[in-house]
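Colleague: The structure that follows is given in the form of structure tokens.
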Amino acid sequence: MKKTTKLLLKLFAFLLVSSSLAAQTQQGSFSLEEAQQYAMENSYVLHNTRQDITKAQKEVWKTITTGLPQVSGNFDYTKNIETPKQPLPVSFIPRELWPEVGIPEDTPPDGTYPISFSPKYNSNFGVSVSQLLFDGSYIVAVGSSQIYLDLAKQAHEKTEIDIRDAVAQAYYMVLIGLENKKVMEENLENTKKLYTETKAYYDNGFREEQDVDQMQLMVKNAENEILKADREITVAKVVLKYTMGYDMEQEVELTDDVKTFLAPILAGRNNNGFDISGHVDYKLANTNYQVSEKLLKLERAAYLPTLSAFYSYSKTVFGNNANVFSSDVSWFPSSLIGFQLSVPIFNSGQKMFRVQQAKIDLDKAATDRQLAEMTLQKDYLTAKADMESAVEKLENDIENRDLAEKILDKSKIKFNNGITSSTELSQIETQYIQSHGAYIGSTLQVLQADLKLKKAIGEL
């Protein structure tokens, strides 16, 4: 009984732990890095690019196997319903054999009679082996298939970068929304407090009704700002869950905050350039150039001869009995071995023009690679300049926000002392909300500029 009780207690504890873990999983708390990693594992787009890599790996082996020995077998069994006959001079057949063959006795000695040389049943089976010894196109194709695999891997890498960027963009939008809501809630709390104090003054005859109405209007405006922030957060979370491949029905929580990302950016970064050859866009352009090189070699290889070896073995049986597989029936084996050499001689210039077209494609690929290099340099310089501008604007907006908050705090004191009117206080609060909105916008701009710079230098 005691053992049963202990077992039940252990089972109950296990169920509690399992339920707790399930609740945590359903809750879905993610840092930015965890959200990006989740997207790497659950993105539908990445699933397809991974399938492209697997397909490219199969393509490599498919190309290689075309140059390996090829073995095929064959078997046939035939019944001649009506065997073909040929006319044969009867003089070739001794007269005493005419009855066996079926030649009529009144047939003229110089006449002919149709005779069948084919048995009613025959069967044949055999095995053939072929081996490619030399084919320039095959050699080039094997190398090209490996480049095709590299291209699939690089396309997958670029897709991963794009998804990490999209997840970070959505993650930042949620953080910005939460930061904005937090400030709006603080403002609502202060405004409600001010409204309560103003109403108390009015009830005791120290304030006008207009002041109370103005304070109430400010409370409503503050509540509307919170509702607006809630809607923005909801939309941002939907976008985040979509980019992550996360269940839309489950809640997602963020463990990072804006300061986590802003602090290192505002501290400054020393970046004097980057290695273009390591950037995925340049690698893609370079791989496309290599593909064009291989295609040119493939067209040139069409001028080369091909050489292959083959071997064949077969056995054949004939008879007028349907059971040609009985032990008393003789099978007649045959085999052969040989080489086949194919030499292209003349094709009216088709190969020549295809080679010329491949040369043009190679020149275009070289130009695209140079263009990719220049584009990456341009993107880097542009992203760096945008980052500097965004940081400067954010620093100015932080000062403006702090100044607007300071003015608002002093104005509230003046309003309580009857120095400032409620209308002036409302205008100053609007000024503070606008300065805070500018700060929020600048913060998002800096975070986005940071992503753009990381993407430009290949660090995302």
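Ordering of the structure tokens sets the chain letters (A, B, ...), residue numbers begin anew at 1 in every chain, and ligands are numbered from 1 in the order given.
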Can you pull out every residue from stretch 36-256 of chain A that DSSP, working from the backbone, puts in strand (DSSP E or B), and format the result as a PDB file with all heavy atoms, in the first residue's frame?
Modeller:
```pdb
ATOM      1  N   GLN A  70      26.397   0.720 -66.063  1.00  0.00           N
ATOM      2  CA  GLN A  70      24.952   0.580 -66.230  1.00  0.00           C
ATOM      3  C   GLN A  70      24.647  -0.864 -66.609  1.00  0.00           C
ATOM      4  O   GLN A  70      25.206  -1.383 -67.583  1.00  0.00           O
ATOM      5  CB  GLN A  70      24.432   1.527 -67.321  1.00  0.00           C
ATOM      6  CG  GLN A  70      24.875   2.979 -67.152  1.00  0.00           C
ATOM      7  CD  GLN A  70      24.259   3.628 -65.931  1.00  0.00           C
ATOM      8  OE1 GLN A  70      23.062   3.503 -65.690  1.00  0.00           O
ATOM      9  NE2 GLN A  70      25.090   4.321 -65.157  1.00  0.00           N
ATOM     10  N   VAL A  71      23.799  -1.518 -65.852  1.00  0.00           N
ATOM     11  CA  VAL A  71      23.464  -2.921 -66.073  1.00  0.00           C
ATOM     12  C   VAL A  71      21.969  -3.026 -66.340  1.00  0.00           C
ATOM     13  O   VAL A  71      21.161  -2.433 -65.634  1.00  0.00           O
ATOM     14  CB  VAL A  71      23.834  -3.786 -64.847  1.00  0.00           C
ATOM     15  CG1 VAL A  71      23.503  -5.250 -65.118  1.00  0.00           C
ATOM     16  CG2 VAL A  71      25.310  -3.620 -64.510  1.00  0.00           C
ATOM     17  N   SER A  72      21.622  -3.784 -67.373  1.00  0.00           N
ATOM     18  CA  SER A  72      20.206  -3.993 -67.681  1.00  0.00           C
ATOM     19  C   SER A  72      19.991  -5.457 -68.056  1.00  0.00           C
ATOM     20  O   SER A  72      20.892  -6.136 -68.557  1.00  0.00           O
ATOM     21  CB  SER A  72      19.759  -3.080 -68.828  1.00  0.00           C
ATOM     22  OG  SER A  72      20.481  -3.361 -70.012  1.00  0.00           O
ATOM     23  N   GLY A  73      18.825  -5.949 -67.788  1.00  0.00           N
ATOM     24  CA  GLY A  73      18.461  -7.321 -68.131  1.00  0.00           C
ATOM     25  C   GLY A  73      17.209  -7.356 -68.980  1.00  0.00           C
ATOM     26  O   GLY A  73      16.400  -6.430 -68.948  1.00  0.00           O
ATOM     27  N   ASN A  74      17.044  -8.435 -69.733  1.00  0.00           N
ATOM     28  CA  ASN A  74      15.846  -8.559 -70.562  1.00  0.00           C
ATOM     29  C   ASN A  74      15.415 -10.024 -70.621  1.00  0.00           C
ATOM     30  O   ASN A  74      16.244 -10.947 -70.483  1.00  0.00           O
ATOM     31  CB  ASN A  74      16.102  -8.007 -71.969  1.00  0.00           C
ATOM     32  CG  ASN A  74      17.161  -8.803 -72.718  1.00  0.00           C
ATOM     33  OD1 ASN A  74      16.867  -9.839 -73.306  1.00  0.00           O
ATOM     34  ND2 ASN A  74      18.407  -8.345 -72.694  1.00  0.00           N
ATOM     35  N   PHE A  75      14.148 -10.220 -70.810  1.00  0.00           N
ATOM     36  CA  PHE A  75      13.578 -11.561 -70.943  1.00  0.00           C
ATOM     37  C   PHE A  75      12.337 -11.467 -71.813  1.00  0.00           C
ATOM     38  O   PHE A  75      11.546 -10.528 -71.687  1.00  0.00           O
ATOM     39  CB  PHE A  75      13.203 -12.125 -69.567  1.00  0.00           C
ATOM     40  CG  PHE A  75      12.428 -13.413 -69.648  1.00  0.00           C
ATOM     41  CD1 PHE A  75      13.089 -14.618 -69.856  1.00  0.00           C
ATOM     42  CD2 PHE A  75      11.044 -13.417 -69.543  1.00  0.00           C
ATOM     43  CE1 PHE A  75      12.367 -15.809 -69.933  1.00  0.00           C
ATOM     44  CE2 PHE A  75      10.332 -14.603 -69.629  1.00  0.00           C
ATOM     45  CZ  PHE A  75      10.998 -15.801 -69.820  1.00  0.00           C
ATOM     46  N   ASP A  76      12.193 -12.446 -72.705  1.00  0.00           N
ATOM     47  CA  ASP A  76      10.965 -12.480 -73.511  1.00  0.00           C
ATOM     48  C   ASP A  76      10.572 -13.932 -73.787  1.00  0.00           C
ATOM     49  O   ASP A  76      11.413 -14.835 -73.812  1.00  0.00           O
ATOM     50  CB  ASP A  76      11.149 -11.691 -74.817  1.00  0.00           C
ATOM     51  CG  ASP A  76      12.184 -12.302 -75.737  1.00  0.00           C
ATOM     52  OD1 ASP A  76      11.908 -13.343 -76.341  1.00  0.00           O
ATOM     53  OD2 ASP A  76      13.297 -11.712 -75.826  1.00  0.00           O
ATOM     54  N   TYR A  77       9.309 -14.135 -73.956  1.00  0.00           N
ATOM     55  CA  TYR A  77       8.735 -15.441 -74.286  1.00  0.00           C
ATOM     56  C   TYR A  77       7.705 -15.198 -75.375  1.00  0.00           C
ATOM     57  O   TYR A  77       6.792 -14.381 -75.209  1.00  0.00           O
ATOM     58  CB  TYR A  77       8.085 -16.053 -73.048  1.00  0.00           C
ATOM     59  CG  TYR A  77       7.406 -17.383 -73.312  1.00  0.00           C
ATOM     60  CD1 TYR A  77       8.127 -18.574 -73.260  1.00  0.00           C
ATOM     61  CD2 TYR A  77       6.049 -17.439 -73.599  1.00  0.00           C
ATOM     62  CE1 TYR A  77       7.510 -19.799 -73.504  1.00  0.00           C
ATOM     63  CE2 TYR A  77       5.416 -18.658 -73.837  1.00  0.00           C
ATOM     64  CZ  TYR A  77       6.146 -19.837 -73.785  1.00  0.00           C
ATOM     65  OH  TYR A  77       5.527 -21.040 -74.027  1.00  0.00           O
ATOM     66  N   THR A  78       7.847 -15.915 -76.511  1.00  0.00           N
ATOM     67  CA  THR A  78       7.010 -15.625 -77.677  1.00  0.00           C
ATOM     68  C   THR A  78       6.364 -16.903 -78.195  1.00  0.00           C
ATOM     69  O   THR A  78       7.003 -17.968 -78.265  1.00  0.00           O
ATOM     70  CB  THR A  78       7.857 -15.009 -78.808  1.00  0.00           C
ATOM     71  OG1 THR A  78       8.532 -13.864 -78.298  1.00  0.00           O
ATOM     72  CG2 THR A  78       6.994 -14.590 -79.987  1.00  0.00           C
ATOM     73  N   LYS A  79       5.079 -16.761 -78.549  1.00  0.00           N
ATOM     74  CA  LYS A  79       4.360 -17.832 -79.248  1.00  0.00           C
ATOM     75  C   LYS A  79       3.923 -17.304 -80.603  1.00  0.00           C
ATOM     76  O   LYS A  79       3.206 -16.299 -80.683  1.00  0.00           O
ATOM     77  CB  LYS A  79       3.139 -18.263 -78.448  1.00  0.00           C
ATOM     78  CG  LYS A  79       2.285 -19.293 -79.193  1.00  0.00           C
ATOM     79  CD  LYS A  79       1.021 -19.648 -78.415  1.00  0.00           C
ATOM     80  CE  LYS A  79       0.175 -20.645 -79.234  1.00  0.00           C
ATOM     81  NZ  LYS A  79      -1.083 -21.005 -78.526  1.00  0.00           N
ATOM     82  N   LYS A  85       6.229 -18.059 -93.402  1.00  0.00           N
ATOM     83  CA  LYS A  85       6.708 -19.100 -94.334  1.00  0.00           C
ATOM     84  C   LYS A  85       7.390 -18.459 -95.533  1.00  0.00           C
ATOM     85  O   LYS A  85       7.104 -17.322 -95.890  1.00  0.00           O
ATOM     86  CB  LYS A  85       5.540 -19.977 -94.800  1.00  0.00           C
ATOM     87  CG  LYS A  85       4.871 -20.750 -93.654  1.00  0.00           C
ATOM     88  CD  LYS A  85       3.713 -21.595 -94.159  1.00  0.00           C
ATOM     89  CE  LYS A  85       3.070 -22.362 -93.004  1.00  0.00           C
ATOM     90  NZ  LYS A  85       1.941 -23.212 -93.471  1.00  0.00           N
ATOM     91  N   GLN A  86       8.279 -19.266 -96.156  1.00  0.00           N
ATOM     92  CA  GLN A  86       8.974 -18.822 -97.349  1.00  0.00           C
ATOM     93  C   GLN A  86       8.894 -19.928 -98.408  1.00  0.00           C
ATOM     94  O   GLN A  86       8.988 -21.117 -98.056  1.00  0.00           O
ATOM     95  CB  GLN A  86      10.444 -18.516 -97.049  1.00  0.00           C
ATOM     96  CG  GLN A  86      10.639 -17.318 -96.144  1.00  0.00           C
ATOM     97  CD  GLN A  86      12.097 -17.035 -95.900  1.00  0.00           C
ATOM     98  OE1 GLN A  86      12.958 -17.867 -96.183  1.00  0.00           O
ATOM     99  NE2 GLN A  86      12.394 -15.862 -95.359  1.00  0.00           N
ATOM    100  N   PRO A  87       8.732 -19.547 -99.667  1.00  0.00           N
ATOM    101  CA  PRO A  87       8.681 -20.584-100.728  1.00  0.00           C
ATOM    102  C   PRO A  87      10.075 -21.202-100.929  1.00  0.00           C
ATOM    103  O   PRO A  87      11.066 -20.482-101.029  1.00  0.00           O
ATOM    104  CB  PRO A  87       8.226 -19.819-101.966  1.00  0.00           C
ATOM    105  CG  PRO A  87       8.584 -18.405-101.693  1.00  0.00           C
ATOM    106  CD  PRO A  87       8.497 -18.220-100.200  1.00  0.00           C
ATOM    107  N   LEU A  88      10.113 -22.546-100.980  1.00  0.00           N
ATOM    108  CA  LEU A  88      11.385 -23.260-101.141  1.00  0.00           C
ATOM    109  C   LEU A  88      11.247 -24.266-102.284  1.00  0.00           C
ATOM    110  O   LEU A  88      10.249 -25.004-102.359  1.00  0.00           O
ATOM    111  CB  LEU A  88      11.738 -23.994 -99.845  1.00  0.00           C
ATOM    112  CG  LEU A  88      13.088 -24.689 -99.816  1.00  0.00           C
ATOM    113  CD1 LEU A  88      14.217 -23.655 -99.720  1.00  0.00           C
ATOM    114  CD2 LEU A  88      13.171 -25.629 -98.609  1.00  0.00           C
ATOM    115  N   PRO A  89      12.199 -24.271-103.171  1.00  0.00           N
ATOM    116  CA  PRO A  89      12.143 -25.282-104.261  1.00  0.00           C
ATOM    117  C   PRO A  89      12.093 -26.691-103.675  1.00  0.00           C
ATOM    118  O   PRO A  89      12.916 -27.045-102.821  1.00  0.00           O
ATOM    119  CB  PRO A  89      13.438 -25.051-105.057  1.00  0.00           C
ATOM    120  CG  PRO A  89      13.797 -23.635-104.756  1.00  0.00           C
ATOM    121  CD  PRO A  89      13.345 -23.395-103.334  1.00  0.00           C
ATOM    122  N   THR A 112       7.674 -25.114-106.198  1.00  0.00           N
ATOM    123  CA  THR A 112       8.045 -24.614-104.866  1.00  0.00           C
ATOM    124  C   THR A 112       6.928 -24.915-103.886  1.00  0.00           C
ATOM    125  O   THR A 112       5.769 -25.148-104.285  1.00  0.00           O
ATOM    126  CB  THR A 112       8.284 -23.100-104.886  1.00  0.00           C
ATOM    127  OG1 THR A 112       7.093 -22.441-105.300  1.00  0.00           O
ATOM    128  CG2 THR A 112       9.439 -22.735-105.829  1.00  0.00           C
ATOM    129  N   TYR A 113       7.323 -24.879-102.594  1.00  0.00           N
ATOM    130  CA  TYR A 113       6.337 -25.141-101.542  1.00  0.00           C
ATOM    131  C   TYR A 113       6.681 -24.242-100.347  1.00  0.00           C
ATOM    132  O   TYR A 113       7.860 -24.162 -99.962  1.00  0.00           O
ATOM    133  CB  TYR A 113       6.358 -26.605-101.147  1.00  0.00           C
ATOM    134  CG  TYR A 113       5.242 -26.950-100.189  1.00  0.00           C
ATOM    135  CD1 TYR A 113       3.934 -27.150-100.640  1.00  0.00           C
ATOM    136  CD2 TYR A 113       5.512 -27.051 -98.819  1.00  0.00           C
ATOM    137  CE1 TYR A 113       2.917 -27.454 -99.753  1.00  0.00           C
ATOM    138  CE2 TYR A 113       4.495 -27.349 -97.925  1.00  0.00           C
ATOM    139  CZ  TYR A 113       3.191 -27.551 -98.396  1.00  0.00           C
ATOM    140  OH  TYR A 113       2.190 -27.844 -97.524  1.00  0.00           O
ATOM    141  N   PRO A 114       5.648 -23.536 -99.768  1.00  0.00           N
ATOM    142  CA  PRO A 114       5.936 -22.656 -98.608  1.00  0.00           C
ATOM    143  C   PRO A 114       6.265 -23.474 -97.364  1.00  0.00           C
ATOM    144  O   PRO A 114       5.478 -24.324 -96.959  1.00  0.00           O
ATOM    145  CB  PRO A 114       4.647 -21.859 -98.428  1.00  0.00           C
ATOM    146  CG  PRO A 114       3.587 -22.729 -99.029  1.00  0.00           C
ATOM    147  CD  PRO A 114       4.228 -23.484-100.171  1.00  0.00           C
ATOM    148  N   ILE A 115       7.405 -23.174 -96.797  1.00  0.00           N
ATOM    149  CA  ILE A 115       7.874 -23.884 -95.613  1.00  0.00           C
ATOM    150  C   ILE A 115       8.244 -22.862 -94.543  1.00  0.00           C
ATOM    151  O   ILE A 115       8.846 -21.836 -94.830  1.00  0.00           O
ATOM    152  CB  ILE A 115       9.083 -24.775 -95.937  1.00  0.00           C
ATOM    153  CG1 ILE A 115       8.666 -25.863 -96.933  1.00  0.00           C
ATOM    154  CG2 ILE A 115       9.664 -25.409 -94.682  1.00  0.00           C
ATOM    155  CD1 ILE A 115       9.806 -26.750 -97.365  1.00  0.00           C
ATOM    156  N   SER A 116       7.903 -23.153 -93.279  1.00  0.00           N
ATOM    157  CA  SER A 116       8.231 -22.276 -92.159  1.00  0.00           C
ATOM    158  C   SER A 116       9.547 -22.708 -91.527  1.00  0.00           C
ATOM    159  O   SER A 116       9.767 -23.888 -91.277  1.00  0.00           O
ATOM    160  CB  SER A 116       7.121 -22.333 -91.098  1.00  0.00           C
ATOM    161  OG  SER A 116       7.507 -21.608 -89.955  1.00  0.00           O
ATOM    162  N   TYR A 121       7.404 -21.705 -80.632  1.00  0.00           N
ATOM    163  CA  TYR A 121       7.712 -21.045 -79.366  1.00  0.00           C
ATOM    164  C   TYR A 121       9.197 -20.695 -79.320  1.00  0.00           C
ATOM    165  O   TYR A 121      10.032 -21.440 -79.833  1.00  0.00           O
ATOM    166  CB  TYR A 121       7.372 -21.941 -78.168  1.00  0.00           C
ATOM    167  CG  TYR A 121       5.914 -22.312 -78.087  1.00  0.00           C
ATOM    168  CD1 TYR A 121       5.455 -23.502 -78.657  1.00  0.00           C
ATOM    169  CD2 TYR A 121       5.008 -21.484 -77.436  1.00  0.00           C
ATOM    170  CE1 TYR A 121       4.113 -23.843 -78.584  1.00  0.00           C
ATOM    171  CE2 TYR A 121       3.668 -21.827 -77.352  1.00  0.00           C
ATOM    172  CZ  TYR A 121       3.221 -23.001 -77.932  1.00  0.00           C
ATOM    173  OH  TYR A 121       1.899 -23.322 -77.867  1.00  0.00           O
ATOM    174  N   ASN A 122       9.498 -19.578 -78.726  1.00  0.00           N
ATOM    175  CA  ASN A 122      10.899 -19.242 -78.475  1.00  0.00           C
ATOM    176  C   ASN A 122      10.977 -18.299 -77.277  1.00  0.00           C
ATOM    177  O   ASN A 122      10.025 -17.580 -76.980  1.00  0.00           O
ATOM    178  CB  ASN A 122      11.579 -18.626 -79.703  1.00  0.00           C
ATOM    179  CG  ASN A 122      10.983 -17.290 -80.083  1.00  0.00           C
ATOM    180  OD1 ASN A 122      11.290 -16.281 -79.462  1.00  0.00           O
ATOM    181  ND2 ASN A 122      10.107 -17.283 -81.097  1.00  0.00           N
ATOM    182  N   SER A 123      12.122 -18.315 -76.606  1.00  0.00           N
ATOM    183  CA  SER A 123      12.342 -17.473 -75.420  1.00  0.00           C
ATOM    184  C   SER A 123      13.788 -17.007 -75.412  1.00  0.00           C
ATOM    185  O   SER A 123      14.679 -17.683 -75.946  1.00  0.00           O
ATOM    186  CB  SER A 123      12.030 -18.257 -74.144  1.00  0.00           C
ATOM    187  OG  SER A 123      12.228 -17.442 -73.002  1.00  0.00           O
ATOM    188  N   ASN A 124      13.986 -15.869 -74.794  1.00  0.00           N
ATOM    189  CA  ASN A 124      15.331 -15.290 -74.773  1.00  0.00           C
ATOM    190  C   ASN A 124      15.497 -14.468 -73.491  1.00  0.00           C
ATOM    191  O   ASN A 124      14.570 -13.771 -73.058  1.00  0.00           O
ATOM    192  CB  ASN A 124      15.536 -14.386 -75.994  1.00  0.00           C
ATOM    193  CG  ASN A 124      16.875 -13.676 -75.954  1.00  0.00           C
ATOM    194  OD1 ASN A 124      17.908 -14.265 -76.229  1.00  0.00           O
ATOM    195  ND2 ASN A 124      16.856 -12.402 -75.626  1.00  0.00           N
ATOM    196  N   PHE A 125      16.654 -14.601 -72.862  1.00  0.00           N
ATOM    197  CA  PHE A 125      16.983 -13.723 -71.745  1.00  0.00           C
ATOM    198  C   PHE A 125      18.456 -13.359 -71.842  1.00  0.00           C
ATOM    199  O   PHE A 125      19.263 -14.115 -72.406  1.00  0.00           O
ATOM    200  CB  PHE A 125      16.655 -14.363 -70.386  1.00  0.00           C
ATOM    201  CG  PHE A 125      17.621 -15.430 -69.950  1.00  0.00           C
ATOM    202  CD1 PHE A 125      18.779 -15.104 -69.237  1.00  0.00           C
ATOM    203  CD2 PHE A 125      17.381 -16.761 -70.247  1.00  0.00           C
ATOM    204  CE1 PHE A 125      19.668 -16.082 -68.832  1.00  0.00           C
ATOM    205  CE2 PHE A 125      18.275 -17.744 -69.855  1.00  0.00           C
ATOM    206  CZ  PHE A 125      19.413 -17.409 -69.142  1.00  0.00           C
ATOM    207  N   GLY A 126      18.780 -12.170 -71.307  1.00  0.00           N
ATOM    208  CA  GLY A 126      20.158 -11.717 -71.398  1.00  0.00           C
ATOM    209  C   GLY A 126      20.452 -10.583 -70.439  1.00  0.00           C
ATOM    210  O   GLY A 126      19.549 -10.008 -69.820  1.00  0.00           O
ATOM    211  N   VAL A 127      21.730 -10.274 -70.308  1.00  0.00           N
ATOM    212  CA  VAL A 127      22.226  -9.206 -69.457  1.00  0.00           C
ATOM    213  C   VAL A 127      23.225  -8.391 -70.265  1.00  0.00           C
ATOM    214  O   VAL A 127      24.066  -8.953 -70.984  1.00  0.00           O
ATOM    215  CB  VAL A 127      22.914  -9.758 -68.188  1.00  0.00           C
ATOM    216  CG1 VAL A 127      23.481  -8.611 -67.355  1.00  0.00           C
ATOM    217  CG2 VAL A 127      21.952 -10.574 -67.358  1.00  0.00           C
ATOM    218  N   SER A 128      23.118  -7.051 -70.149  1.00  0.00           N
ATOM    219  CA  SER A 128      24.066  -6.178 -70.843  1.00  0.00           C
ATOM    220  C   SER A 128      24.648  -5.180 -69.854  1.00  0.00           C
ATOM    221  O   SER A 128      23.947  -4.701 -68.954  1.00  0.00           O
ATOM    222  CB  SER A 128      23.383  -5.437 -72.001  1.00  0.00           C
ATOM    223  OG  SER A 128      22.322  -4.633 -71.530  1.00  0.00           O
ATOM    224  N   VAL A 129      25.936  -4.891 -70.005  1.00  0.00           N
ATOM    225  CA  VAL A 129      26.660  -3.961 -69.142  1.00  0.00           C
ATOM    226  C   VAL A 129      27.350  -2.936 -70.020  1.00  0.00           C
ATOM    227  O   VAL A 129      27.985  -3.298 -71.027  1.00  0.00           O
ATOM    228  CB  VAL A 129      27.698  -4.697 -68.261  1.00  0.00           C
ATOM    229  CG1 VAL A 129      28.412  -3.705 -67.350  1.00  0.00           C
ATOM    230  CG2 VAL A 129      27.040  -5.799 -67.450  1.00  0.00           C
ATOM    231  N   SER A 130      27.224  -1.658 -69.625  1.00  0.00           N
ATOM    232  CA  SER A 130      27.912  -0.589 -70.359  1.00  0.00           C
ATOM    233  C   SER A 130      28.651   0.303 -69.376  1.00  0.00           C
ATOM    234  O   SER A 130      28.227   0.476 -68.232  1.00  0.00           O
ATOM    235  CB  SER A 130      26.916   0.232 -71.188  1.00  0.00           C
ATOM    236  OG  SER A 130      25.999   0.903 -70.349  1.00  0.00           O
ATOM    237  N   GLN A 131      29.763   0.860 -69.822  1.00  0.00           N
ATOM    238  CA  GLN A 131      30.578   1.716 -68.982  1.00  0.00           C
ATOM    239  C   GLN A 131      31.103   2.884 -69.821  1.00  0.00           C
ATOM    240  O   GLN A 131      31.740   2.678 -70.861  1.00  0.00           O
ATOM    241  CB  GLN A 131      31.752   0.950 -68.378  1.00  0.00           C
ATOM    242  CG  GLN A 131      32.765   1.803 -67.647  1.00  0.00           C
ATOM    243  CD  GLN A 131      32.163   2.509 -66.445  1.00  0.00           C
ATOM    244  OE1 GLN A 131      31.612   1.881 -65.563  1.00  0.00           O
ATOM    245  NE2 GLN A 131      32.243   3.826 -66.414  1.00  0.00           N
ATOM    246  N   LEU A 132      30.800   4.089 -69.337  1.00  0.00           N
ATOM    247  CA  LEU A 132      31.313   5.278 -70.003  1.00  0.00           C
ATOM    248  C   LEU A 132      32.796   5.422 -69.683  1.00  0.00           C
ATOM    249  O   LEU A 132      33.186   5.450 -68.512  1.00  0.00           O
ATOM    250  CB  LEU A 132      30.544   6.515 -69.540  1.00  0.00           C
ATOM    251  CG  LEU A 132      30.932   7.846 -70.169  1.00  0.00           C
ATOM    252  CD1 LEU A 132      30.595   7.854 -71.653  1.00  0.00           C
ATOM    253  CD2 LEU A 132      30.220   8.989 -69.461  1.00  0.00           C
ATOM    254  N   LEU A 133      33.646   5.502 -70.711  1.00  0.00           N
ATOM    255  CA  LEU A 133      35.085   5.627 -70.518  1.00  0.00           C
ATOM    256  C   LEU A 133      35.552   7.075 -70.602  1.00  0.00           C
ATOM    257  O   LEU A 133      36.395   7.505 -69.822  1.00  0.00           O
ATOM    258  CB  LEU A 133      35.839   4.779 -71.557  1.00  0.00           C
ATOM    259  CG  LEU A 133      35.549   3.275 -71.509  1.00  0.00           C
ATOM    260  CD1 LEU A 133      36.344   2.552 -72.582  1.00  0.00           C
ATOM    261  CD2 LEU A 133      35.869   2.704 -70.128  1.00  0.00           C
ATOM    262  N   PHE A 134      34.999   7.818 -71.538  1.00  0.00           N
ATOM    263  CA  PHE A 134      35.361   9.232 -71.649  1.00  0.00           C
ATOM    264  C   PHE A 134      34.211  10.009 -72.261  1.00  0.00           C
ATOM    265  O   PHE A 134      33.646   9.625 -73.288  1.00  0.00           O
ATOM    266  CB  PHE A 134      36.615   9.421 -72.508  1.00  0.00           C
ATOM    267  CG  PHE A 134      36.950  10.876 -72.732  1.00  0.00           C
ATOM    268  CD1 PHE A 134      37.607  11.611 -71.751  1.00  0.00           C
ATOM    269  CD2 PHE A 134      36.573  11.528 -73.905  1.00  0.00           C
ATOM    270  CE1 PHE A 134      37.884  12.954 -71.928  1.00  0.00           C
ATOM    271  CE2 PHE A 134      36.850  12.881 -74.091  1.00  0.00           C
ATOM    272  CZ  PHE A 134      37.511  13.586 -73.100  1.00  0.00           C
ATOM    273  N   GLU A 253       5.456  36.298 -25.531  1.00  0.00           N
ATOM    274  CA  GLU A 253       5.988  37.334 -24.655  1.00  0.00           C
ATOM    275  C   GLU A 253       7.453  37.583 -24.993  1.00  0.00           C
ATOM    276  O   GLU A 253       8.180  36.665 -25.381  1.00  0.00           O
ATOM    277  CB  GLU A 253       5.851  36.930 -23.188  1.00  0.00           C
ATOM    278  CG  GLU A 253       4.421  36.727 -22.722  1.00  0.00           C
ATOM    279  CD  GLU A 253       3.607  38.017 -22.759  1.00  0.00           C
ATOM    280  OE1 GLU A 253       4.225  39.102 -22.674  1.00  0.00           O
ATOM    281  OE2 GLU A 253       2.370  37.937 -22.875  1.00  0.00           O
ATOM    282  N   LEU A 254       7.890  38.835 -24.815  1.00  0.00           N
ATOM    283  CA  LEU A 254       9.258  39.226 -25.143  1.00  0.00           C
ATOM    284  C   LEU A 254      10.049  39.446 -23.856  1.00  0.00           C
ATOM    285  O   LEU A 254       9.561  40.109 -22.936  1.00  0.00           O
ATOM    286  CB  LEU A 254       9.269  40.508 -25.986  1.00  0.00           C
ATOM    287  CG  LEU A 254       8.965  40.346 -27.487  1.00  0.00           C
ATOM    288  CD1 LEU A 254       7.634  39.674 -27.728  1.00  0.00           C
ATOM    289  CD2 LEU A 254       9.018  41.684 -28.200  1.00  0.00           C
TER     290      LEU A 254
END
```
Colleague: Excluding A:Ala366 and its own-chain neighbours fewer than 4 positions away, which residues fall within 9 Å of it when counting only C-alpha atoms? Please give them as a list in words.
Modeller: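 With the cut-off at 9 Å, the set is Ala285, Asn286, Asn288, Tyr289, Asp361, Leu362, Gln370 and Leu371 of chain A.
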Colleague: Could you tell me which of A:Ala383, A:Leu296, A:Leu240, A:Ile147 comes closest to A:Gln445 if we count only C-alpha atoms?
Modeller: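 For A:Gln445, the nearest of the given residues is A:Ala383.
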Colleague: With a distance cut-off of 7 Å and only C-alpha atoms, select the neighbouring residues of stretch 401-406 of chain A, excluding the residue or stretch itself and same-chain residues fewer than 4 positions from it, and output the selection as number ranges by chain.
Modeller: A: 397, 410, 431-432, 435-436, 439
Colleague: Go through A:Leu178, A:Leu460, A:Leu284, A:Val446 one by one, measure the shortest atom-to-atom distance of each to A:Asp368 using only C-alpha atoms, and give the residue with the smallest value.
Modeller: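 Going through A:Leu178, A:Leu460, A:Leu284, A:Val446 one by one, the smallest distance to A:Asp368 is for A:Leu284.
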Colleague: Within stretch 127-363 of chain A, find each residue whose DSSP state, derived from the backbone, is helix (DSSP H, G or I), and express the selection as a VMD selection string.
Modeller: chain A and resid 136 to 203 209 to 244 258 to 266 276 to 278 280 to 301 350 to 363
Colleague: What does the structure give for the distance between atom CA of A:His47 and atom CA of A:Asp162, in Å to one decimal?
Modeller: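 Spanning atom CA of A:His47 to atom CA of A:Asp162 is a straight-line distance of 14.1 Å.
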Colleague: Can you list, as number ranges by chain, every protein, DNA or RNA residue that comes within 12 Å of A:Gly111 when you count only C-alpha atoms, leaving out same-chain residues fewer than 3 positions away?
Modeller: A: 87-93, 103-108, 114
Colleague: Write out as a PyMOL selection string the residues lying within 12 Å of A:Thr260, counting only C-alpha atoms and excluding same-chain residues fewer than 2 positions away.
Modeller: chain A and resi 31-32+172+175+255-258+262-267+447
Colleague: A:Val280: which residues within 9 Å, counting only C-alpha atoms, same-chain residues fewer than 6 positions away excluded, as a list in words?
Modeller: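 Within the cut-off, the hits are Gln154, Ala155, Glu157, Lys158 and Gly458 of chain A.
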